[in-house]
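Colleague: Below is the structure I would like to discuss, written out as structure tokens.
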2 protein chains.
Amino acid sequence: MREVAVVGIGMHKWGELWGMSIRDMFTIAARNAMDDAGVNNIDSMYIGCMSGGLFAGQEHLASLMADYLGVLPAAAARVESACASAGLAVRQGWMEVASGISDVVLVGGVEKMTDITGEEATFALSTAADTEYEGYNGVTFPGLYAMMARSHMHKYGTTLEQLSHVSVKNHANGALNPEAQYPFPVSLETVMNSTMVAEPLRLLHCSPITDGAAAVILCPVEIAKKEFKDHPLVVITGSGHATDTLALHSRDDFTTIKSATIAAQKAYRMAGVGPEDIDFAEVHDCFTIAEIMVTESIGFFEAGQGGPAAENGITSREGAKPINTSGGLKSKGHPVGATGAAQIIEITRQLRGEAGKRQLDNPRRGLAQNMGGSGGSSLVHILEVK
Amino acid sequence: MREVAVVGIGMHKWGELWGMSIRDMFTIAARNAMDDAGVNNIDSMYIGCMSGGLFAGQEHLASLMADYLGVLPAAAARVESACASAGLAVRQGWMEVASGISDVVLVGGVEKMTDITGEEATFALSTAADTEYEGYNGVTFPGLYAMMARSHMHKYGTTLEQLSHVSVKNHANGALNPEAQYPFPVSLETVMNSTMVAEPLRLLHCSPITDGAAAVILCPVEIAKKEFKDHPLVVITGSGHATDTLALHSRDDFTTIKSATIAAQKAYRMAGVGPEDIDFAEVHDCFTIAEIMVTESIGFFEAGQGGPAAENGITSREGAKPINTSGGLKSKGHPVGATGAAQIIEITRQLRGEAGKRQLDNPRRGLAQNMGGSGGSSLVHILEVK
């Protein structure tokens, strides 16, 4: 197995982009990544997209994007694992490069979510849950995460203030990210008084509906050292992928994300490190409770300590374990098929020292955790600067 | 790179299966494949599905199927390349086993197409074409393939009789396949007088709308020889993947499938063989003209000779180059996300000598060609019995 480097990263400003089609967004992000790497061609590509059909009326996306990127007849595959689709694309690309099958692989994701109505988008997102059971009974994701939040509050005493601190922190970070959809700070009071969505989750505990794309270029370390633009060498040292039931009602425990735990254990083992060795992370804060549960599930904090960690500033940029310096899904936006690649981009930027006003002090090792649905799938990657 | 064997195959009778859900179908096919191999667990899985969202309101399929198969928390990925989705799943699984990352990988596909109206299904299928150009202008797949047929007729003198012979042949084969959706013969006269769909293509030149699933178990040859049930050893000796424009209007030539040509060349090179060394093949006959074009594009016949080959019986079971002994998409059915895996199953059955009444005389090497849309993607695999 060869070591795999991240040699190019690219995205664009995310938001409600009614003037851009799905092909525009992905092509721009991918071309930015190719320019960042200094390459003009690729051997193959993987594109994550959750529901090209329901959101944009367009499947068969990988071939379409290969055409518009000018890389035909390269092998191009679309992969899907709901909101973890781009994390899955990163893993597939890592596998293809590590195994020696290809040298230069583009991985990324895209979702065009605002060309349909809110009701249609809510349905499209609900197809990441178990349609025949959860969907049939009318539950959508705010409801599922609200049940997880209530369960966590009941078991560990997690408070609404703690959930709200996650949002305040992520908006404070996103305010420093020019590509974020909502690059502004919010106060604790504003979060706690925002419109109720699904008790106890209010509007500012929920990530938004977003149009966006993100892309990353992977290649073997030995080639990265010789070719491509002169960036600090960022290497993927761990990759883990695990699944769980789609349906929340099939799980033993609502207060932990088992797929995240298992995927992280696999990634830690591969990288030869533990959670204590990770300097910072991007985790899947589709709802504020998700960030709290994931930071516990991947071993950063004891069960029940994720909320206090957010409240006490441990997960802020100045804290011991900065989480979601990009603004996270909450402030940066959450184009579901693209999120996992944008996490890799933020980790790479921090490791290169290119994160601008939100730059951490000399981080060496970061982790990205991307998940589908209510945790039916998780992808975890560990990146290090060498 | 390790050699990869097919050690288990499973499907079920395809058709309009209103009593089975998408999870039922895939679970049955996958369990049949696991039973055929004699395994009770897998390291990971890839599931092809074209549009779980539009056809079944269910994305995030791979985790769902891993749960119902009882293999959680195994890594499970859904891949999509329109009607070539399962061919793509086979390739990803081959890559994962060949590279040494996993030993036992389940690959397959599923599509539940009949729970929505015909109009909705036509829209869902149209998302394999270029939605913003072809779809916007109202063309659907019968229209696209009709233009290709007209172009082929004009350039090479291909006749309606020749197109119709493809359907007669494939139904004659499918009549011997108990899992086919339409297991009955049709006469040349019936095909030529069937309802007009898109001039010159009539109903019996078109593959049907089908519910179905198919699954295959892959592992390294060295393990296949020691473990698993005692089947003849079938090995994947070539794999090729190539893309082309989704839009027909962007191509130089409507009479050839360039992605099939390139994917086949890659597979031939890997296997160290040429088209003349292939004993029989399953090719993507979504419309009768597609079979004619593909058999030319992958080098079985000179350009313009695919039609005469069908008419003269060269592609029948008794001919020099049997094509679609399973009945093909035309008679066996075409659940778009599953078709590519069912092709591998037919090749394996023939190579094992388990094809029953449609068994060929001691075939040694078969080829499967699976494509998306009007040829925007192609996957080609070569299998040999050792």
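Chain labels follow the order of the structure tokens: the first chain is A, the next B, and so on; residue numbering restarts at 1 in every chain, and ligands are counted from 1 in their shown order.
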Need to verify the contact set: segment 192-194 of chain B, 12 Å, only C-alpha atoms, exclusion of same-chain residues closer than 6 positions in sequence. Can you return it as a JSON list (two decimals) with C-alpha atoms, in the first residue's frame?
Modeller:
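Contents of the output file part-v2.json:
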[["chain", "number", "residue", "atom", "x", "y", "z"],
["B", 159, "THR", "CA", -32.54, -2.99, -41.46],
["B", 160, "LEU", "CA", -35.58, -3.23, -39.24],
["B", 161, "GLU", "CA", -35.47, -7.00, -39.78],
["B", 162, "GLN", "CA", -31.97, -7.11, -38.35],
["B", 163, "LEU", "CA", -33.01, -5.11, -35.28],
["B", 164, "SER", "CA", -35.95, -7.45, -34.88],
["B", 165, "HIS", "CA", -33.77, -10.56, -35.08],
["B", 166, "VAL", "CA", -31.95, -9.34, -31.93],
["B", 167, "SER", "CA", -35.25, -9.37, -30.06],
["B", 168, "VAL", "CA", -36.27, -12.78, -31.45],
["B", 186, "VAL", "CA", -41.50, -13.98, -29.93],
["B", 200, "PRO", "CA", -38.12, 2.98, -36.02],
["B", 201, "LEU", "CA", -38.14, 1.31, -32.57],
["B", 202, "ARG", "CA", -41.25, -0.68, -31.68],
["B", 203, "LEU", "CA", -42.25, -2.04, -28.29],
["B", 204, "LEU", "CA", -40.40, -5.34, -28.78],
["B", 205, "HIS", "CA", -37.20, -3.48, -29.63],
["B", 206, "CYS", "CA", -37.21, -1.98, -26.11]]
Colleague: Among segment 176-322 of chain A, which residues does DSSP mark as alpha helix (DSSP H) when it is run on the backbone? Keep the chain and numbering as in the structure and answer as number ranges by chain.
Modeller: A: 188-192, 221-226, 258-271, 288-297, 306-311
Colleague: Near chain A, meaning an atom within 8 Å, which residues of chain B appear when counting only C-alpha atoms? Write them as a count of residues only.
Modeller: 49
Colleague: Atom CA of Thr339 of chain B and atom CA of Asn370 of chain B, how far apart in Å?
Modeller: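 Calculated distance between atom CA of Asn370 of chain B and atom CA of Thr339 of chain B is 7.5 Å.
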Colleague: Among segment 216-306 of chain A, which ones does DSSP place in strand (DSSP E or B), written as a ChimeraX atom specification?
Modeller: /A:216-220,234-243,280-282,287
Colleague: Would you list the contacts of Ala214 of chain B as a list in words, taking every protein, DNA or RNA residue within 9 Å and counting only C-alpha atoms, but skipping same-chain residues closer than 2 positions in sequence?
Modeller: Ile9, Gly10, Met11, His12, Met25, Phe26, Ile28, Ala29, Ala30, Ala33, Ala86, Val107, Gly108, Gly109, Val110, Gly212, Val216, Ala338, Thr339, Gly340, Ala341, Ala342 and Ile345 of chain B
Colleague: Calculated over only C-alpha atoms, which of the candidates B:Ile382, B:Val197, B:Ile42, B:Val6 has the smallest distance to Leu144 of chain B?
Modeller: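 Ranking B:Ile382, B:Val197, B:Ile42, B:Val6 by distance to Leu144 of chain B, first place goes to B:Val197.
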Colleague: Which polymer residues have any atom within 12 Å of an atom of segment 305-309 of chain A, counting only C-alpha atoms, with same-chain residues fewer than 3 positions away left out, as a PDB file with N, CA and C atoms, in the first residue's frame?
Modeller:
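That gives us selection11.pdb:
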ATOM      1  N   ALA A 149     -31.297  14.261  20.940  1.00  0.00           N
ATOM      2  CA  ALA A 149     -30.951  15.329  21.892  1.00  0.00           C
ATOM      3  C   ALA A 149     -31.664  15.109  23.223  1.00  0.00           C
ATOM      4  N   HIS A 152     -30.034  12.324  25.078  1.00  0.00           N
ATOM      5  CA  HIS A 152     -28.733  12.721  25.622  1.00  0.00           C
ATOM      6  C   HIS A 152     -28.916  13.621  26.854  1.00  0.00           C
ATOM      7  N   MET A 153     -29.873  14.526  26.766  1.00  0.00           N
ATOM      8  CA  MET A 153     -30.179  15.406  27.906  1.00  0.00           C
ATOM      9  C   MET A 153     -30.623  14.584  29.111  1.00  0.00           C
ATOM     10  N   LYS A 155     -30.067  11.345  29.744  1.00  0.00           N
ATOM     11  CA  LYS A 155     -29.061  10.422  30.276  1.00  0.00           C
ATOM     12  C   LYS A 155     -27.886  11.140  30.935  1.00  0.00           C
ATOM     13  N   TYR A 156     -27.472  12.284  30.346  1.00  0.00           N
ATOM     14  CA  TYR A 156     -26.229  12.924  30.796  1.00  0.00           C
ATOM     15  C   TYR A 156     -26.415  14.326  31.373  1.00  0.00           C
ATOM     16  N   GLY A 157     -27.636  14.838  31.320  1.00  0.00           N
ATOM     17  CA  GLY A 157     -27.845  16.198  31.828  1.00  0.00           C
ATOM     18  C   GLY A 157     -27.364  17.281  30.881  1.00  0.00           C
ATOM     19  N   THR A 158     -27.156  16.913  29.615  1.00  0.00           N
ATOM     20  CA  THR A 158     -26.774  17.910  28.603  1.00  0.00           C
ATOM     21  C   THR A 158     -27.860  18.993  28.547  1.00  0.00           C
ATOM     22  N   THR A 159     -27.427  20.258  28.424  1.00  0.00           N
ATOM     23  CA  THR A 159     -28.387  21.370  28.495  1.00  0.00           C
ATOM     24  C   THR A 159     -28.561  22.059  27.138  1.00  0.00           C
ATOM     25  N   LEU A 160     -29.640  22.815  27.048  1.00  0.00           N
ATOM     26  CA  LEU A 160     -29.893  23.603  25.845  1.00  0.00           C
ATOM     27  C   LEU A 160     -28.783  24.641  25.644  1.00  0.00           C
ATOM     28  N   GLU A 161     -28.271  25.182  26.737  1.00  0.00           N
ATOM     29  CA  GLU A 161     -27.158  26.142  26.643  1.00  0.00           C
ATOM     30  C   GLU A 161     -25.944  25.481  25.983  1.00  0.00           C
ATOM     31  N   GLN A 162     -25.667  24.249  26.366  1.00  0.00           N
ATOM     32  CA  GLN A 162     -24.513  23.549  25.787  1.00  0.00           C
ATOM     33  C   GLN A 162     -24.707  23.335  24.284  1.00  0.00           C
ATOM     34  N   LEU A 163     -25.902  22.877  23.902  1.00  0.00           N
ATOM     35  CA  LEU A 163     -26.185  22.737  22.471  1.00  0.00           C
ATOM     36  C   LEU A 163     -25.977  24.081  21.767  1.00  0.00           C
ATOM     37  N   SER A 164     -26.466  25.130  22.404  1.00  0.00           N
ATOM     38  CA  SER A 164     -26.400  26.450  21.774  1.00  0.00           C
ATOM     39  C   SER A 164     -24.959  26.942  21.641  1.00  0.00           C
ATOM     40  N   HIS A 165     -24.120  26.592  22.598  1.00  0.00           N
ATOM     41  CA  HIS A 165     -22.712  26.996  22.513  1.00  0.00           C
ATOM     42  C   HIS A 165     -22.026  26.407  21.274  1.00  0.00           C
ATOM     43  N   VAL A 166     -22.452  25.229  20.840  1.00  0.00           N
ATOM     44  CA  VAL A 166     -21.895  24.641  19.610  1.00  0.00           C
ATOM     45  C   VAL A 166     -22.176  25.566  18.431  1.00  0.00           C
ATOM     46  N   SER A 167     -23.395  26.061  18.372  1.00  0.00           N
ATOM     47  CA  SER A 167     -23.782  26.947  17.274  1.00  0.00           C
ATOM     48  C   SER A 167     -23.027  28.276  17.342  1.00  0.00           C
ATOM     49  N   LYS A 169     -20.110  28.866  18.697  1.00  0.00           N
ATOM     50  CA  LYS A 169     -18.716  28.603  18.318  1.00  0.00           C
ATOM     51  C   LYS A 169     -18.554  28.435  16.811  1.00  0.00           C
ATOM     52  N   THR A 255     -27.821   7.806  22.249  1.00  0.00           N
ATOM     53  CA  THR A 255     -26.949   8.890  22.715  1.00  0.00           C
ATOM     54  C   THR A 255     -25.521   8.785  22.193  1.00  0.00           C
ATOM     55  N   THR A 256     -25.297   7.830  21.313  1.00  0.00           N
ATOM     56  CA  THR A 256     -23.954   7.660  20.759  1.00  0.00           C
ATOM     57  C   THR A 256     -24.072   7.290  19.291  1.00  0.00           C
ATOM     58  N   THR A 288     -26.647  20.624  16.242  1.00  0.00           N
ATOM     59  CA  THR A 288     -25.655  20.846  17.302  1.00  0.00           C
ATOM     60  C   THR A 288     -25.472  19.597  18.155  1.00  0.00           C
ATOM     61  N   ILE A 289     -26.557  18.854  18.407  1.00  0.00           N
ATOM     62  CA  ILE A 289     -26.427  17.628  19.209  1.00  0.00           C
ATOM     63  C   ILE A 289     -25.506  16.625  18.523  1.00  0.00           C
ATOM     64  N   ALA A 290     -25.474  16.634  17.199  1.00  0.00           N
ATOM     65  CA  ALA A 290     -24.614  15.691  16.471  1.00  0.00           C
ATOM     66  C   ALA A 290     -23.147  15.947  16.805  1.00  0.00           C
ATOM     67  N   GLU A 291     -22.756  17.224  16.843  1.00  0.00           N
ATOM     68  CA  GLU A 291     -21.351  17.512  17.174  1.00  0.00           C
ATOM     69  C   GLU A 291     -21.008  16.998  18.565  1.00  0.00           C
ATOM     70  N   ILE A 292     -21.916  17.209  19.499  1.00  0.00           N
ATOM     71  CA  ILE A 292     -21.664  16.756  20.879  1.00  0.00           C
ATOM     72  C   ILE A 292     -21.545  15.227  20.923  1.00  0.00           C
ATOM     73  N   MET A 293     -22.481  14.539  20.274  1.00  0.00           N
ATOM     74  CA  MET A 293     -22.453  13.071  20.295  1.00  0.00           C
ATOM     75  C   MET A 293     -21.224  12.523  19.580  1.00  0.00           C
ATOM     76  N   VAL A 294     -20.867  13.135  18.442  1.00  0.00           N
ATOM     77  CA  VAL A 294     -19.724  12.611  17.680  1.00  0.00           C
ATOM     78  C   VAL A 294     -18.418  12.831  18.431  1.00  0.00           C
ATOM     79  N   THR A 295     -18.244  14.000  19.039  1.00  0.00           N
ATOM     80  CA  THR A 295     -16.971  14.234  19.748  1.00  0.00           C
ATOM     81  C   THR A 295     -16.813  13.245  20.905  1.00  0.00           C
ATOM     82  N   GLU A 296     -17.938  12.765  21.435  1.00  0.00           N
ATOM     83  CA  GLU A 296     -17.859  11.695  22.443  1.00  0.00           C
ATOM     84  C   GLU A 296     -17.605  10.342  21.762  1.00  0.00           C
ATOM     85  N   SER A 297     -18.326  10.085  20.680  1.00  0.00           N
ATOM     86  CA  SER A 297     -18.257   8.763  20.042  1.00  0.00           C
ATOM     87  C   SER A 297     -16.879   8.448  19.476  1.00  0.00           C
ATOM     88  N   ILE A 298     -16.165   9.477  19.041  1.00  0.00           N
ATOM     89  CA  ILE A 298     -14.833   9.223  18.468  1.00  0.00           C
ATOM     90  C   ILE A 298     -13.742   9.334  19.526  1.00  0.00           C
ATOM     91  N   GLY A 299     -14.144   9.455  20.791  1.00  0.00           N
ATOM     92  CA  GLY A 299     -13.185   9.333  21.885  1.00  0.00           C
ATOM     93  C   GLY A 299     -12.509  10.616  22.313  1.00  0.00           C
ATOM     94  N   PHE A 300     -12.974  11.765  21.805  1.00  0.00           N
ATOM     95  CA  PHE A 300     -12.362  13.028  22.246  1.00  0.00           C
ATOM     96  C   PHE A 300     -12.751  13.327  23.696  1.00  0.00           C
ATOM     97  N   PHE A 301     -13.976  13.001  24.055  1.00  0.00           N
ATOM     98  CA  PHE A 301     -14.471  13.271  25.411  1.00  0.00           C
ATOM     99  C   PHE A 301     -15.217  12.045  25.923  1.00  0.00           C
ATOM    100  N   GLU A 302     -15.277  11.920  27.236  1.00  0.00           N
ATOM    101  CA  GLU A 302     -16.095  10.867  27.846  1.00  0.00           C
ATOM    102  C   GLU A 302     -17.561  11.097  27.483  1.00  0.00           C
ATOM    103  N   ASN A 312     -17.428  25.078  27.803  1.00  0.00           N
ATOM    104  CA  ASN A 312     -16.219  25.577  28.456  1.00  0.00           C
ATOM    105  C   ASN A 312     -15.114  25.996  27.482  1.00  0.00           C
ATOM    106  N   GLY A 313     -15.428  26.006  26.215  1.00  0.00           N
ATOM    107  CA  GLY A 313     -14.461  26.523  25.248  1.00  0.00           C
ATOM    108  C   GLY A 313     -13.368  25.553  24.839  1.00  0.00           C
ATOM    109  N   ILE A 314     -13.475  24.306  25.262  1.00  0.00           N
ATOM    110  CA  ILE A 314     -12.440  23.324  24.913  1.00  0.00           C
ATOM    111  C   ILE A 314     -12.425  23.074  23.404  1.00  0.00           C
ATOM    112  N   THR A 315     -13.597  23.204  22.750  1.00  0.00           N
ATOM    113  CA  THR A 315     -13.692  22.936  21.308  1.00  0.00           C
ATOM    114  C   THR A 315     -13.617  24.220  20.463  1.00  0.00           C
ATOM    115  N   SER A 316     -13.358  25.359  21.111  1.00  0.00           N
ATOM    116  CA  SER A 316     -13.203  26.597  20.334  1.00  0.00           C
ATOM    117  C   SER A 316     -11.800  26.656  19.739  1.00  0.00           C
ATOM    118  N   GLY A 319      -9.206  26.575  22.253  1.00  0.00           N
ATOM    119  CA  GLY A 319      -9.280  25.488  23.227  1.00  0.00           C
ATOM    120  C   GLY A 319      -8.294  24.364  22.946  1.00  0.00           C
ATOM    121  N   ALA A 320      -8.383  23.323  23.759  1.00  0.00           N
ATOM    122  CA  ALA A 320      -7.454  22.203  23.641  1.00  0.00           C
ATOM    123  C   ALA A 320      -7.786  21.327  22.442  1.00  0.00           C
ATOM    124  N   LYS A 321      -9.034  21.312  22.001  1.00  0.00           N
ATOM    125  CA  LYS A 321      -9.461  20.434  20.908  1.00  0.00           C
ATOM    126  C   LYS A 321     -10.395  21.211  19.982  1.00  0.00           C
ATOM    127  N   PRO A 322      -9.833  22.059  19.133  1.00  0.00           N
ATOM    128  CA  PRO A 322     -10.686  22.865  18.252  1.00  0.00           C
ATOM    129  C   PRO A 322     -11.519  21.978  17.306  1.00  0.00           C
ATOM    130  N   ILE A 323     -12.814  22.258  17.243  1.00  0.00           N
ATOM    131  CA  ILE A 323     -13.731  21.482  16.394  1.00  0.00           C
ATOM    132  C   ILE A 323     -14.424  22.428  15.420  1.00  0.00           C
TER     133      ILE A 323
END
